[in-house]
$ cat protein_17.cif   # mmCIF, C-alpha atoms; chains and numbers go by the auth columns
data_work
loop_
_atom_site.group_PDB
_atom_site.id
_atom_site.type_symbol
_atom_site.label_atom_id
_atom_site.label_comp_id
_atom_site.label_asym_id
_atom_site.label_seq_id
_atom_site.Cartn_x
_atom_site.Cartn_y
_atom_site.Cartn_z
_atom_site.B_iso_or_equiv
_atom_site.auth_seq_id
_atom_site.auth_asym_id
ATOM 1 C CA MET A 1 -53.098 -27.111 -17.357 0.00 1 A
ATOM 2 C CA SER A 2 -52.392 -27.423 -21.016 0.00 2 A
ATOM 3 C CA PRO A 3 -49.008 -28.770 -22.133 0.00 3 A
ATOM 4 C CA GLN A 4 -48.386 -25.434 -23.819 0.00 4 A
ATOM 5 C CA HIS A 5 -49.056 -23.495 -20.563 0.00 5 A
ATOM 6 C CA ASP A 6 -46.835 -25.919 -18.609 0.00 6 A
ATOM 7 C CA HIS A 7 -44.030 -25.447 -21.131 0.00 7 A
ATOM 8 C CA HIS A 8 -44.411 -21.639 -20.845 0.00 8 A
ATOM 9 C CA LEU A 9 -44.132 -21.851 -17.017 0.00 9 A
ATOM 10 C CA LYS A 10 -40.940 -23.921 -17.274 0.00 10 A
ATOM 11 C CA LEU A 11 -39.452 -21.379 -19.684 0.00 11 A
ATOM 12 C CA THR A 12 -40.388 -18.525 -17.340 0.00 12 A
ATOM 13 C CA ARG A 13 -38.839 -20.350 -14.347 0.00 13 A
ATOM 14 C CA MET A 14 -35.731 -21.089 -16.380 0.00 14 A
ATOM 15 C CA THR A 15 -35.475 -17.488 -17.468 0.00 15 A
ATOM 16 C CA LEU A 16 -35.837 -16.242 -13.871 0.00 16 A
ATOM 17 C CA TYR A 17 -33.282 -18.826 -12.747 0.00 17 A
ATOM 18 C CA GLU A 18 -30.871 -17.807 -15.512 0.00 18 A
ATOM 19 C CA GLU A 19 -31.373 -14.148 -14.635 0.00 19 A
ATOM 20 C CA LYS A 20 -30.489 -14.919 -11.011 0.00 20 A
ATOM 21 C CA ILE A 21 -27.388 -16.843 -12.072 0.00 21 A
ATOM 22 C CA ASN A 22 -26.308 -14.042 -14.401 0.00 22 A
ATOM 23 C CA HIS A 23 -26.887 -11.455 -11.687 0.00 23 A
ATOM 24 C CA ILE A 24 -24.757 -13.469 -9.245 0.00 24 A
ATOM 25 C CA LYS A 25 -22.034 -13.995 -11.870 0.00 25 A
ATOM 26 C CA ASN A 26 -21.987 -10.286 -12.714 0.00 26 A
ATOM 27 C CA SER A 27 -21.871 -9.162 -9.099 0.00 27 A
ATOM 28 C CA CYS A 28 -19.147 -11.688 -8.255 0.00 28 A
ATOM 29 C CA TYR A 29 -17.150 -10.693 -11.296 0.00 29 A
ATOM 30 C CA SER A 30 -17.634 -7.053 -10.379 0.00 30 A
ATOM 31 C CA ASN A 31 -16.527 -7.710 -6.787 0.00 31 A
ATOM 32 C CA ASP A 32 -13.588 -9.745 -8.054 0.00 32 A
ATOM 33 C CA LYS A 33 -12.528 -6.882 -10.298 0.00 33 A
ATOM 34 C CA GLN A 34 -12.935 -4.385 -7.437 0.00 34 A
ATOM 35 C CA LEU A 35 -10.950 -6.598 -5.110 0.00 35 A
ATOM 36 C CA LYS A 36 -8.135 -6.931 -7.652 0.00 36 A
ATOM 37 C CA THR A 37 -8.091 -3.142 -8.048 0.00 37 A
ATOM 38 C CA VAL A 38 -7.804 -2.375 -4.320 0.00 38 A
ATOM 39 C CA ILE A 39 -5.282 -5.157 -3.649 0.00 39 A
ATOM 40 C CA ALA A 40 -3.116 -3.999 -6.565 0.00 40 A
ATOM 41 C CA THR A 41 -3.370 -0.410 -5.339 0.00 41 A
ATOM 42 C CA ARG A 42 -2.381 -1.417 -1.820 0.00 42 A
ATOM 43 C CA ASN A 43 0.556 -3.460 -3.151 0.00 43 A
ATOM 44 C CA PHE A 44 1.654 -0.504 -5.274 0.00 44 A
ATOM 45 C CA ILE A 45 1.552 1.759 -2.189 0.00 45 A
ATOM 46 C CA ASP A 46 3.459 -0.819 -0.105 0.00 46 A
ATOM 47 C CA GLU A 47 6.224 -0.930 -2.712 0.00 47 A
ATOM 48 C CA ASN A 48 6.315 2.816 -3.417 0.00 48 A
ATOM 49 C CA PHE A 49 5.305 4.447 -0.106 0.00 49 A
ATOM 50 C CA ASP A 50 8.458 6.589 -0.167 0.00 50 A
ATOM 51 C CA LYS A 51 7.582 8.130 -3.551 0.00 51 A
ATOM 52 C CA ASP A 52 5.343 11.120 -4.232 0.00 52 A
ATOM 53 C CA LEU A 53 2.048 9.217 -4.352 0.00 53 A
ATOM 54 C CA ASN A 54 -1.320 10.849 -4.885 0.00 54 A
ATOM 55 C CA LEU A 55 -4.802 9.789 -5.909 0.00 55 A
ATOM 56 C CA ASN A 56 -4.309 10.857 -9.540 0.00 56 A
ATOM 57 C CA LEU A 57 -1.221 8.679 -9.904 0.00 57 A
ATOM 58 C CA LEU A 58 -2.854 5.700 -8.152 0.00 58 A
ATOM 59 C CA SER A 59 -5.963 5.908 -10.322 0.00 59 A
ATOM 60 C CA ASP A 60 -3.819 6.169 -13.480 0.00 60 A
ATOM 61 C CA VAL A 61 -1.890 3.047 -12.456 0.00 61 A
ATOM 62 C CA ARG A 62 -5.168 1.118 -12.105 0.00 62 A
ATOM 63 C CA PHE A 63 -6.946 2.793 -15.066 0.00 63 A
ATOM 64 C CA THR A 64 -9.884 3.842 -12.916 0.00 64 A
ATOM 65 C CA SER A 65 -11.503 7.057 -11.717 0.00 65 A
ATOM 66 C CA LYS A 66 -9.839 8.509 -8.645 0.00 66 A
ATOM 67 C CA TYR A 67 -13.202 8.913 -6.870 0.00 67 A
ATOM 68 C CA HIS A 68 -14.155 5.310 -7.601 0.00 68 A
ATOM 69 C CA LEU A 69 -10.754 4.109 -6.387 0.00 69 A
ATOM 70 C CA GLN A 70 -11.037 6.142 -3.191 0.00 70 A
ATOM 71 C CA ARG A 71 -14.531 4.744 -2.465 0.00 71 A
ATOM 72 C CA LEU A 72 -13.443 1.154 -3.150 0.00 72 A
ATOM 73 C CA PHE A 73 -10.267 1.432 -1.085 0.00 73 A
ATOM 74 C CA LYS A 74 -12.176 2.914 1.853 0.00 74 A
ATOM 75 C CA ARG A 75 -14.855 0.204 1.575 0.00 75 A
ATOM 76 C CA TYR A 76 -12.326 -2.649 1.632 0.00 76 A
ATOM 77 C CA TYR A 77 -9.658 -1.244 3.985 0.00 77 A
ATOM 78 C CA GLY A 78 -11.529 1.304 6.084 0.00 78 A
ATOM 79 C CA LEU A 79 -9.040 4.022 5.085 0.00 79 A
ATOM 80 C CA THR A 80 -8.609 6.301 2.113 0.00 80 A
ATOM 81 C CA PRO A 81 -5.463 5.676 0.055 0.00 81 A
ATOM 82 C CA LYS A 82 -3.947 8.849 1.541 0.00 82 A
ATOM 83 C CA GLN A 83 -4.600 7.654 5.114 0.00 83 A
ATOM 84 C CA TYR A 84 -3.126 4.271 4.235 0.00 84 A
ATOM 85 C CA ILE A 85 0.010 5.913 2.772 0.00 85 A
ATOM 86 C CA ILE A 86 0.483 7.961 5.952 0.00 86 A
ATOM 87 C CA ASP A 87 0.044 4.882 8.163 0.00 87 A
ATOM 88 C CA LYS A 88 2.502 2.937 6.012 0.00 88 A
ATOM 89 C CA ARG A 89 5.066 5.740 6.215 0.00 89 A
ATOM 90 C CA ILE A 90 4.695 6.038 9.989 0.00 90 A
ATOM 91 C CA GLN A 91 5.054 2.248 10.363 0.00 91 A
ATOM 92 C CA LYS A 92 8.230 2.263 8.252 0.00 92 A
ATOM 93 C CA SER A 93 9.623 5.299 10.054 0.00 93 A
ATOM 94 C CA LYS A 94 9.300 3.436 13.371 0.00 94 A
ATOM 95 C CA GLU A 95 11.458 0.646 11.923 0.00 95 A
ATOM 96 C CA TYR A 96 14.057 3.122 10.668 0.00 96 A
ATOM 97 C CA LEU A 97 14.155 4.995 13.990 0.00 97 A
ATOM 98 C CA LYS A 98 14.506 1.720 15.929 0.00 98 A
ATOM 99 C CA ASN A 99 17.449 0.845 13.692 0.00 99 A
ATOM 100 C CA GLY A 100 19.198 4.125 14.511 0.00 100 A
ATOM 101 C CA LEU A 101 18.474 6.250 11.440 0.00 101 A
ATOM 102 C CA LYS A 102 18.415 9.960 12.306 0.00 102 A
ATOM 103 C CA VAL A 103 15.014 11.673 12.462 0.00 103 A
ATOM 104 C CA THR A 104 15.701 13.906 9.442 0.00 104 A
ATOM 105 C CA GLU A 105 16.993 10.985 7.363 0.00 105 A
ATOM 106 C CA THR A 106 13.976 8.912 8.376 0.00 106 A
ATOM 107 C CA CYS A 107 11.590 11.696 7.399 0.00 107 A
ATOM 108 C CA PHE A 108 12.870 11.833 3.826 0.00 108 A
ATOM 109 C CA ALA A 109 13.479 8.070 3.552 0.00 109 A
ATOM 110 C CA VAL A 110 9.770 7.363 4.071 0.00 110 A
ATOM 111 C CA GLY A 111 8.609 10.028 1.619 0.00 111 A
ATOM 112 C CA PHE A 112 7.717 13.061 3.724 0.00 112 A
ATOM 113 C CA GLU A 113 8.762 16.358 2.204 0.00 113 A
ATOM 114 C CA SER A 114 8.893 18.356 5.423 0.00 114 A
ATOM 115 C CA LEU A 115 10.330 17.526 8.826 0.00 115 A
ATOM 116 C CA GLY A 116 7.566 19.565 10.478 0.00 116 A
ATOM 117 C CA SER A 117 4.706 17.622 8.909 0.00 117 A
ATOM 118 C CA PHE A 118 6.490 14.327 9.582 0.00 118 A
ATOM 119 C CA SER A 119 7.042 15.134 13.264 0.00 119 A
ATOM 120 C CA LYS A 120 3.483 16.366 13.724 0.00 120 A
ATOM 121 C CA LEU A 121 1.932 13.305 12.053 0.00 121 A
ATOM 122 C CA PHE A 122 4.272 10.946 13.907 0.00 122 A
ATOM 123 C CA LYS A 123 3.288 12.450 17.247 0.00 123 A
ATOM 124 C CA THR A 124 -0.420 12.345 16.335 0.00 124 A
ATOM 125 C CA LYS A 125 -0.180 8.656 15.390 0.00 125 A
ATOM 126 C CA THR A 126 2.142 7.423 18.166 0.00 126 A
ATOM 127 C CA GLY A 127 1.750 9.949 20.989 0.00 127 A
ATOM 128 C CA LYS A 128 5.488 10.717 20.906 0.00 128 A
ATOM 129 C CA SER A 129 7.781 12.838 18.783 0.00 129 A
ATOM 130 C CA PRO A 130 10.136 10.865 16.515 0.00 130 A
ATOM 131 C CA SER A 131 13.118 11.669 18.755 0.00 131 A
ATOM 132 C CA GLU A 132 11.219 10.653 21.936 0.00 132 A
ATOM 133 C CA PHE A 133 10.219 7.408 20.236 0.00 133 A
ATOM 134 C CA GLN A 134 13.807 6.748 19.200 0.00 134 A
ATOM 135 C CA LYS A 135 15.224 7.448 22.691 0.00 135 A
ATOM 136 C CA GLU A 136 12.644 5.086 24.177 0.00 136 A
ATOM 137 C CA GLN A 137 13.599 2.351 21.694 0.00 137 A
ATOM 138 C CA VAL A 138 17.310 2.790 22.453 0.00 138 A
ATOM 139 C CA SER A 139 16.553 2.400 26.190 0.00 139 A
ATOM 140 C CA ILE A 140 14.479 -0.726 25.564 0.00 140 A
ATOM 141 C CA ASN A 141 17.237 -2.197 23.389 0.00 141 A
ATOM 142 C CA LYS A 142 19.858 -1.512 26.098 0.00 142 A
ATOM 143 C CA LEU A 143 17.686 -3.172 28.745 0.00 143 A
ATOM 144 C CA ASN A 144 17.123 -6.214 26.535 0.00 144 A
ATOM 145 C CA SER A 145 20.811 -6.569 25.719 0.00 145 A
ATOM 146 C CA GLU A 146 21.743 -6.431 29.426 0.00 146 A
ATOM 147 C CA TYR A 147 19.607 -9.485 30.177 0.00 147 A
#

$ encode --input "protein_17.cif" --output "structure tokens"
Amino acid sequence: MSPQHDHHLKLTRMTLYEEKINHIKNSCYSNDKQLKTVIATRNFIDENFDKDLNLNLLSDVRFTSKYHLQRLFKRYYGLTPKQYIIDKRIQKSKEYLKNGLKVTETCFAVGFESLGSFSKLFKTKTGKSPSEFQKEQVSINKLNSEY
């Protein structure tokens, strides 16, 4: 091999190597940016679950397309933002009901606009109506306090 040919091979290898490095950097940076977007969105939902949240608002907060945000969120969390909001609200409503808040007050405190939709979703997610859940919790609390 001529020194010139050898030099050309080294340059080609270096270029391929650099391309690989750049590709890895770009994909990591891209993933890092995506991760920051979904984590920030989830944190925003956690802090504002009781507000009127929708995909348009969430995408505006993160300066991204709503379809892109929905895809990313589903990829990282296995749920759409809307499903996550509902789960968060149901989780919080369980806490409120355990602490003695009335069903109607709980419904509005966690951000539902209608008692009917709240009760239906609560029963779908927990297998019990909000009032059944609350009665059960009161019974459990009485049993625990007796012992």

$ resolve_selection --input "protein_17.cif" --expression "the PyMOL selection byres ((chain A and resi 104) around 12)" --output "PDB file with C-alpha atoms, in the frame of the given file"
ATOM      1  CA  SER A  93       9.623   5.299  10.054  1.00  0.00           C
ATOM      2  CA  TYR A  96      14.057   3.122  10.668  1.00  0.00           C
ATOM      3  CA  LEU A  97      14.155   4.995  13.990  1.00  0.00           C
ATOM      4  CA  GLY A 100      19.198   4.125  14.511  1.00  0.00           C
ATOM      5  CA  LEU A 101      18.474   6.250  11.440  1.00  0.00           C
ATOM      6  CA  LYS A 102      18.415   9.960  12.306  1.00  0.00           C
ATOM      7  CA  VAL A 103      15.014  11.673  12.462  1.00  0.00           C
ATOM      8  CA  GLU A 105      16.993  10.985   7.363  1.00  0.00           C
ATOM      9  CA  THR A 106      13.976   8.912   8.376  1.00  0.00           C
ATOM     10  CA  CYS A 107      11.590  11.696   7.399  1.00  0.00           C
ATOM     11  CA  PHE A 108      12.870  11.833   3.826  1.00  0.00           C
ATOM     12  CA  ALA A 109      13.479   8.070   3.552  1.00  0.00           C
ATOM     13  CA  VAL A 110       9.770   7.363   4.071  1.00  0.00           C
ATOM     14  CA  GLY A 111       8.609  10.028   1.619  1.00  0.00           C
ATOM     15  CA  PHE A 112       7.717  13.061   3.724  1.00  0.00           C
ATOM     16  CA  GLU A 113       8.762  16.358   2.204  1.00  0.00           C
ATOM     17  CA  SER A 114       8.893  18.356   5.423  1.00  0.00           C
ATOM     18  CA  LEU A 115      10.330  17.526   8.826  1.00  0.00           C
ATOM     19  CA  GLY A 116       7.566  19.565  10.478  1.00  0.00           C
ATOM     20  CA  SER A 117       4.706  17.622   8.909  1.00  0.00           C
ATOM     21  CA  PHE A 118       6.490  14.327   9.582  1.00  0.00           C
ATOM     22  CA  SER A 119       7.042  15.134  13.264  1.00  0.00           C
ATOM     23  CA  PRO A 130      10.136  10.865  16.515  1.00  0.00           C
ATOM     24  CA  SER A 131      13.118  11.669  18.755  1.00  0.00           C
TER      25      SER A 131
END

$ resolve_selection --input "protein_17.cif" --expression "the PyMOL selection byres ((chain A and resi 49-52) around 7)" --output "MDAnalysis selection string"
chainID A and resid 45:48 53:54 85 88:89 109:111

$ resolve_selection --input "protein_17.cif" --expression "the PyMOL selection byres ((chain A and resi 66) around 12)" --output "number ranges by chain"
A: 37-38, 41, 54-65, 67-73, 80-82

$ atom_distance --input "protein_17.cif" --atom1 "CA of Ser139 in chain A" --atom2 "CA of Gln91 in chain A"
19.6 Å

$ atom_distance --input "protein_17.cif" --atom1 "CA of Gly78 in chain A" --atom2 "CA of Phe44 in chain A"
17.5 Å

$ closest_residue --input "protein_17.cif" --among "A:Lys74, A:Lys36, A:Lys125, A:Arg42" --to "Ile86 in chain A" --atoms "all atoms listed in the file"
A:Lys125

$ atom_distance --input "protein_17.cif" --atom1 "CA of Leu121 in chain A" --atom2 "CA of Ile90 in chain A"
8.0 Å

$ axis_aligned_box --input "protein_17.cif" --around "range 59-65 of chain A" --padding-each-side "3 Å" --output "JSON"
{"center_x": -6.7, "center_y": 4.1, "center_z": -12.7, "size_x": 15.6, "size_y": 11.9, "size_z": 10.7}

$ closest_residue --input "protein_17.cif" --among "A:Gln83, A:Asn43, A:Asn99, A:Gln34" --to "Lys135 in chain A" --atoms "only C-alpha atoms"
A:Asn99
